[in-house]
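Trainee: Sending over a structure as structure tokens; questions will come in a sec.
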Amino acid sequence: MVLTAVVSARADKYTIKRDALPETAQTMLNVYFPKAKVGMIKVDRHLLKKTDYDVRLVNGTTIEFNNAGKWTSVDCKSREVPEGLVPRAIRNHVSKNYKGVKIVSIRKKSSGYELGLSDGVMLKYGLLGQFKGVKLED
């Protein structure tokens with residue numbers, strides 16, 4: 001039984017080609033990262049949860065997609081997250097209150113958004129873009 005669990009755990013992650021991603025994910029990549037080359041796509045099949053996809057671009061950017069192909073997380077490392085991925089209210093708040101910094105990561109959750117700024121600050125926002133505060137390390 002333990003051997004079966006170990007074998008099935010290894011089968012949970014495997015790589016696929018770009019055209020095997022859900023169409024929504026392919027569209028997002030084409031719109032927001034049109035020139036970026038995909039280095040690796042990893043599929044995670046969870047026991048009780050649905051499948052998700054982890055895409056790593058050659059430039060180091062990582063993007064996570066849910067089962068439906070909608071992005072849940074974008075981490076551009078030191079590059080700026082494409083403007084269209086950040087709700088306007090959040091972009092306006094950051095540009096007004098955090099001058100000179102870039103949004104380098106964004107995570108979409110059921111409760112709202114978490115943003116990483118180029119100066120290391122993590123911010124939390126509600127679903128409608130209302131500022132919730134600075135995220136403290138867990």
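Residue numbering restarts at 1 for every chain of the structure tokens, chains are lettered A, B, ... in their displayed order, and ligands are numbered from 1 as they appear.
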So that each row is one residue of stretch 79-106 of chain A with an atom at most 10 Å from stretch 59-67 of chain A, can you give its shortest atom pair and the distance in Å to one decimal, using only C-alpha atoms, rows by chain and rising number, as a tab-separated table?
Mentor:
```
residue	atom	partner	partner_atom	distance
A:Arg79	CA	A:Thr61	CA	8.3
A:Val81	CA	A:Thr61	CA	9.4
A:Val104	CA	A:Thr61	CA	9.6
A:Ser105	CA	A:Thr61	CA	9.4
A:Ile106	CA	A:Ile63	CA	9.7
```
Trainee: Could you go through stretch 7-122 of chain A and tell me which residues DSSP, when run on the backbone, assigns to alpha helix (DSSP H), listing them as a list in words?
Mentor: Val7, Ser8, Ala9, Arg10, Glu23, Thr24, Ala25, Gln26, Thr27, Met28, Leu29, Asn30, Val31, Tyr32, Arg88, Ala89, Ile90, Arg91, Asn92, His93, Val94, Ser95, Lys96 and Asn97 of chain A
Trainee: From the set A:Arg45, A:Lys96, A:Lys124, A:Lys102, which residue has the shortest atom-to-atom contact distance to A:Lys77, counting only C-alpha atoms?
Mentor: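 Checking each of A:Arg45, A:Lys96, A:Lys124, A:Lys102 against A:Lys77, counting only C-alpha atoms, the winner is A:Lys102.
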Trainee: Counting only C-alpha atoms, figure out which residue out of A:Lys108, A:Val134, A:His46, A:Lys35 gets nearest to A:Gly120.
Mentor: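 Once distances to A:Gly120 are computed over only C-alpha atoms, the minimum belongs to A:Val134.
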Trainee: Could you tell me how far atom CA of A:Asp52 lies from atom CA of A:Ala68, in Å and to one decimal?
Mentor: 8.4 Å
Trainee: Taking only C-alpha atoms into account, which of A:Val58, A:Tyr125, A:Lys50, A:Asp19 comes nearest A:Lys37?
Mentor: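 Under the stated criterion, the closest residue is A:Val58.
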Trainee: Taking into account only C-alpha atoms, which residue in the set A:Leu127, A:Val101, A:Pro87, A:Trp71 is nearest to A:Thr27?
Mentor: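 Comparing A:Leu127, A:Val101, A:Pro87, A:Trp71 against A:Thr27, the winner is A:Trp71.
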Trainee: Using DSSP assignments from the backbone, pull out every residue in chain A that falls under strand (DSSP E or B) and give it to me as a PyMOL selection string.
Mentor: chain A and resi 13-15+38-44+52-57+62-65+71-75+103-109+112-117+122-125+131-134
Trainee: How far is it from atom CA of A:Pro22 to atom CA of A:Leu115, in Å with one decimal?
Mentor: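 Calculated distance between atom CA of A:Pro22 and atom CA of A:Leu115 is 25.0 Å.
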Trainee: Fewer than 4 positions away in the same chain doesn't count, so skip those; otherwise give me all residues within 10 Å of stretch 91-94 of chain A, counting only C-alpha atoms, as JSON, numbers by chain.
Mentor: {"A": [83, 84, 85, 86, 87, 98, 99, 100, 101, 102, 103, 115, 117, 123, 129, 130, 131]}
Trainee: Find the residues near A:Asp54: any atom within 12 Å, counting only C-alpha atoms, skip ones fewer than 2 places away on the same chain, and give them as a PDB file with N, CA, C and O atoms, in the first residue's frame.
Mentor:
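Output (out.pdb):
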```
ATOM      1  N   LYS A  13       2.891  14.733 -10.876  1.00  0.00           N
ATOM      2  CA  LYS A  13       3.538  15.872 -11.531  1.00  0.00           C
ATOM      3  C   LYS A  13       4.203  15.404 -12.815  1.00  0.00           C
ATOM      4  O   LYS A  13       4.972  14.456 -12.808  1.00  0.00           O
ATOM      5  N   TYR A  14       3.870  16.062 -13.885  1.00  0.00           N
ATOM      6  CA  TYR A  14       4.539  15.768 -15.141  1.00  0.00           C
ATOM      7  C   TYR A  14       4.466  17.004 -16.026  1.00  0.00           C
ATOM      8  O   TYR A  14       3.712  17.924 -15.760  1.00  0.00           O
ATOM      9  N   THR A  15       5.252  17.019 -17.061  1.00  0.00           N
ATOM     10  CA  THR A  15       5.308  18.187 -17.929  1.00  0.00           C
ATOM     11  C   THR A  15       4.529  17.949 -19.210  1.00  0.00           C
ATOM     12  O   THR A  15       4.375  16.812 -19.654  1.00  0.00           O
ATOM     13  N   ILE A  16       4.049  19.036 -19.787  1.00  0.00           N
ATOM     14  CA  ILE A  16       3.301  18.973 -21.038  1.00  0.00           C
ATOM     15  C   ILE A  16       3.796  20.087 -21.960  1.00  0.00           C
ATOM     16  O   ILE A  16       4.576  20.931 -21.564  1.00  0.00           O
ATOM     17  N   LYS A  17       3.306  20.075 -23.167  1.00  0.00           N
ATOM     18  CA  LYS A  17       3.627  21.128 -24.129  1.00  0.00           C
ATOM     19  C   LYS A  17       2.611  22.264 -23.992  1.00  0.00           C
ATOM     20  O   LYS A  17       1.515  22.083 -23.495  1.00  0.00           O
ATOM     21  N   ARG A  18       3.006  23.449 -24.457  1.00  0.00           N
ATOM     22  CA  ARG A  18       2.178  24.656 -24.338  1.00  0.00           C
ATOM     23  C   ARG A  18       0.780  24.464 -24.905  1.00  0.00           C
ATOM     24  O   ARG A  18      -0.207  24.901 -24.336  1.00  0.00           O
ATOM     25  N   LEU A  21      -2.119  23.088 -22.686  1.00  0.00           N
ATOM     26  CA  LEU A  21      -2.732  23.889 -21.625  1.00  0.00           C
ATOM     27  C   LEU A  21      -4.178  24.195 -22.008  1.00  0.00           C
ATOM     28  O   LEU A  21      -4.520  24.229 -23.197  1.00  0.00           O
ATOM     29  N   ALA A  25      -5.642  29.569 -20.635  1.00  0.00           N
ATOM     30  CA  ALA A  25      -4.249  29.777 -20.228  1.00  0.00           C
ATOM     31  C   ALA A  25      -3.389  30.145 -21.439  1.00  0.00           C
ATOM     32  O   ALA A  25      -2.542  31.039 -21.360  1.00  0.00           O
ATOM     33  N   VAL A  38       8.322  29.569 -23.331  1.00  0.00           N
ATOM     34  CA  VAL A  38       7.998  28.695 -22.201  1.00  0.00           C
ATOM     35  C   VAL A  38       9.146  27.726 -21.988  1.00  0.00           C
ATOM     36  O   VAL A  38       9.576  27.037 -22.911  1.00  0.00           O
ATOM     37  N   GLY A  39       9.675  27.703 -20.777  1.00  0.00           N
ATOM     38  CA  GLY A  39      10.750  26.784 -20.447  1.00  0.00           C
ATOM     39  C   GLY A  39      10.222  25.442 -19.976  1.00  0.00           C
ATOM     40  O   GLY A  39      10.743  24.394 -20.331  1.00  0.00           O
ATOM     41  N   MET A  40       9.139  25.481 -19.173  1.00  0.00           N
ATOM     42  CA  MET A  40       8.599  24.242 -18.617  1.00  0.00           C
ATOM     43  C   MET A  40       7.155  24.462 -18.197  1.00  0.00           C
ATOM     44  O   MET A  40       6.791  25.538 -17.723  1.00  0.00           O
ATOM     45  N   ILE A  41       6.341  23.446 -18.374  1.00  0.00           N
ATOM     46  CA  ILE A  41       4.973  23.445 -17.862  1.00  0.00           C
ATOM     47  C   ILE A  41       4.815  22.180 -17.038  1.00  0.00           C
ATOM     48  O   ILE A  41       5.024  21.076 -17.530  1.00  0.00           O
ATOM     49  N   LYS A  42       4.468  22.368 -15.777  1.00  0.00           N
ATOM     50  CA  LYS A  42       4.286  21.230 -14.879  1.00  0.00           C
ATOM     51  C   LYS A  42       2.807  21.102 -14.536  1.00  0.00           C
ATOM     52  O   LYS A  42       2.146  22.093 -14.235  1.00  0.00           O
ATOM     53  N   VAL A  43       2.292  19.896 -14.587  1.00  0.00           N
ATOM     54  CA  VAL A  43       0.907  19.624 -14.236  1.00  0.00           C
ATOM     55  C   VAL A  43       0.893  19.005 -12.851  1.00  0.00           C
ATOM     56  O   VAL A  43       1.615  18.047 -12.586  1.00  0.00           O
ATOM     57  N   ASP A  44       0.074  19.571 -11.961  1.00  0.00           N
ATOM     58  CA  ASP A  44      -0.099  19.006 -10.622  1.00  0.00           C
ATOM     59  C   ASP A  44      -1.504  18.445 -10.522  1.00  0.00           C
ATOM     60  O   ASP A  44      -2.481  19.190 -10.618  1.00  0.00           O
ATOM     61  N   ARG A  45      -1.596  17.162 -10.338  1.00  0.00           N
ATOM     62  CA  ARG A  45      -2.896  16.518 -10.118  1.00  0.00           C
ATOM     63  C   ARG A  45      -2.978  16.209  -8.633  1.00  0.00           C
ATOM     64  O   ARG A  45      -2.199  15.423  -8.115  1.00  0.00           O
ATOM     65  N   THR A  51      -6.815  19.618 -11.011  1.00  0.00           N
ATOM     66  CA  THR A  51      -5.500  19.808 -11.610  1.00  0.00           C
ATOM     67  C   THR A  51      -5.156  21.285 -11.701  1.00  0.00           C
ATOM     68  O   THR A  51      -6.021  22.119 -11.939  1.00  0.00           O
ATOM     69  N   ASP A  52      -3.892  21.619 -11.494  1.00  0.00           N
ATOM     70  CA  ASP A  52      -3.434  22.972 -11.792  1.00  0.00           C
ATOM     71  C   ASP A  52      -2.137  22.893 -12.578  1.00  0.00           C
ATOM     72  O   ASP A  52      -1.529  21.832 -12.696  1.00  0.00           O
ATOM     73  N   ARG A  56       6.687  27.946 -16.259  1.00  0.00           N
ATOM     74  CA  ARG A  56       7.911  28.718 -16.032  1.00  0.00           C
ATOM     75  C   ARG A  56       8.406  29.196 -17.392  1.00  0.00           C
ATOM     76  O   ARG A  56       8.667  28.393 -18.284  1.00  0.00           O
ATOM     77  N   LEU A  57       8.514  30.512 -17.518  1.00  0.00           N
ATOM     78  CA  LEU A  57       9.034  31.088 -18.753  1.00  0.00           C
ATOM     79  C   LEU A  57      10.554  31.117 -18.693  1.00  0.00           C
ATOM     80  O   LEU A  57      11.138  31.090 -17.610  1.00  0.00           O
ATOM     81  N   THR A  61       9.979  34.134 -15.130  1.00  0.00           N
ATOM     82  CA  THR A  61       8.605  34.371 -14.681  1.00  0.00           C
ATOM     83  C   THR A  61       7.895  33.043 -14.466  1.00  0.00           C
ATOM     84  O   THR A  61       8.035  32.124 -15.269  1.00  0.00           O
ATOM     85  N   THR A  62       7.141  32.959 -13.372  1.00  0.00           N
ATOM     86  CA  THR A  62       6.326  31.766 -13.116  1.00  0.00           C
ATOM     87  C   THR A  62       4.861  32.179 -13.047  1.00  0.00           C
ATOM     88  O   THR A  62       4.521  33.206 -12.457  1.00  0.00           O
ATOM     89  N   ILE A  63       4.016  31.363 -13.651  1.00  0.00           N
ATOM     90  CA  ILE A  63       2.581  31.622 -13.694  1.00  0.00           C
ATOM     91  C   ILE A  63       1.873  30.335 -13.300  1.00  0.00           C
ATOM     92  O   ILE A  63       2.202  29.264 -13.813  1.00  0.00           O
ATOM     93  N   GLU A  64       0.919  30.457 -12.390  1.00  0.00           N
ATOM     94  CA  GLU A  64       0.116  29.303 -11.990  1.00  0.00           C
ATOM     95  C   GLU A  64      -1.289  29.485 -12.537  1.00  0.00           C
ATOM     96  O   GLU A  64      -1.855  30.575 -12.473  1.00  0.00           O
ATOM     97  N   PHE A  65      -1.837  28.404 -13.069  1.00  0.00           N
ATOM     98  CA  PHE A  65      -3.194  28.397 -13.605  1.00  0.00           C
ATOM     99  C   PHE A  65      -4.005  27.338 -12.878  1.00  0.00           C
ATOM    100  O   PHE A  65      -3.480  26.285 -12.514  1.00  0.00           O
ATOM    101  N   ASN A  66      -5.306  27.601 -12.717  1.00  0.00           N
ATOM    102  CA  ASN A  66      -6.171  26.586 -12.131  1.00  0.00           C
ATOM    103  C   ASN A  66      -6.641  25.625 -13.215  1.00  0.00           C
ATOM    104  O   ASN A  66      -6.238  25.736 -14.372  1.00  0.00           O
ATOM    105  N   ASN A  67      -7.512  24.716 -12.856  1.00  0.00           N
ATOM    106  CA  ASN A  67      -7.997  23.684 -13.768  1.00  0.00           C
ATOM    107  C   ASN A  67      -8.672  24.271 -15.010  1.00  0.00           C
ATOM    108  O   ASN A  67      -8.586  23.719 -16.096  1.00  0.00           O
ATOM    109  N   GLY A  69      -7.843  27.012 -16.440  1.00  0.00           N
ATOM    110  CA  GLY A  69      -6.894  27.787 -17.222  1.00  0.00           C
ATOM    111  C   GLY A  69      -6.823  29.245 -16.821  1.00  0.00           C
ATOM    112  O   GLY A  69      -6.156  30.038 -17.472  1.00  0.00           O
ATOM    113  N   LYS A  70      -7.490  29.620 -15.734  1.00  0.00           N
ATOM    114  CA  LYS A  70      -7.414  31.004 -15.255  1.00  0.00           C
ATOM    115  C   LYS A  70      -6.198  31.155 -14.363  1.00  0.00           C
ATOM    116  O   LYS A  70      -5.923  30.294 -13.536  1.00  0.00           O
ATOM    117  N   TRP A  71      -5.475  32.253 -14.518  1.00  0.00           N
ATOM    118  CA  TRP A  71      -4.269  32.449 -13.728  1.00  0.00           C
ATOM    119  C   TRP A  71      -4.635  32.689 -12.265  1.00  0.00           C
ATOM    120  O   TRP A  71      -5.636  33.322 -11.956  1.00  0.00           O
ATOM    121  N   THR A  72      -3.816  32.151 -11.382  1.00  0.00           N
ATOM    122  CA  THR A  72      -4.005  32.355  -9.941  1.00  0.00           C
ATOM    123  C   THR A  72      -2.810  33.083  -9.344  1.00  0.00           C
ATOM    124  O   THR A  72      -2.920  33.662  -8.276  1.00  0.00           O
ATOM    125  N   SER A  73      -1.677  33.035 -10.036  1.00  0.00           N
ATOM    126  CA  SER A  73      -0.471  33.662  -9.513  1.00  0.00           C
ATOM    127  C   SER A  73       0.479  33.972 -10.665  1.00  0.00           C
ATOM    128  O   SER A  73       0.644  33.162 -11.578  1.00  0.00           O
ATOM    129  N   VAL A  74       1.082  35.166 -10.599  1.00  0.00           N
ATOM    130  CA  VAL A  74       2.095  35.566 -11.577  1.00  0.00           C
ATOM    131  C   VAL A  74       3.251  36.165 -10.791  1.00  0.00           C
ATOM    132  O   VAL A  74       3.062  37.094 -10.019  1.00  0.00           O
ATOM    133  N   ASP A  75       4.444  35.607 -10.965  1.00  0.00           N
ATOM    134  CA  ASP A  75       5.638  36.113 -10.284  1.00  0.00           C
ATOM    135  C   ASP A  75       6.688  36.411 -11.353  1.00  0.00           C
ATOM    136  O   ASP A  75       7.245  35.500 -11.952  1.00  0.00           O
TER     137      ASP A  75
END
```
Trainee: Using Å and a single decimal, report how far atom CA of A:Met122 sits from atom CA of A:Gln26.
Mentor: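 Atom CA of A:Met122 lies 28.0 Å from atom CA of A:Gln26.
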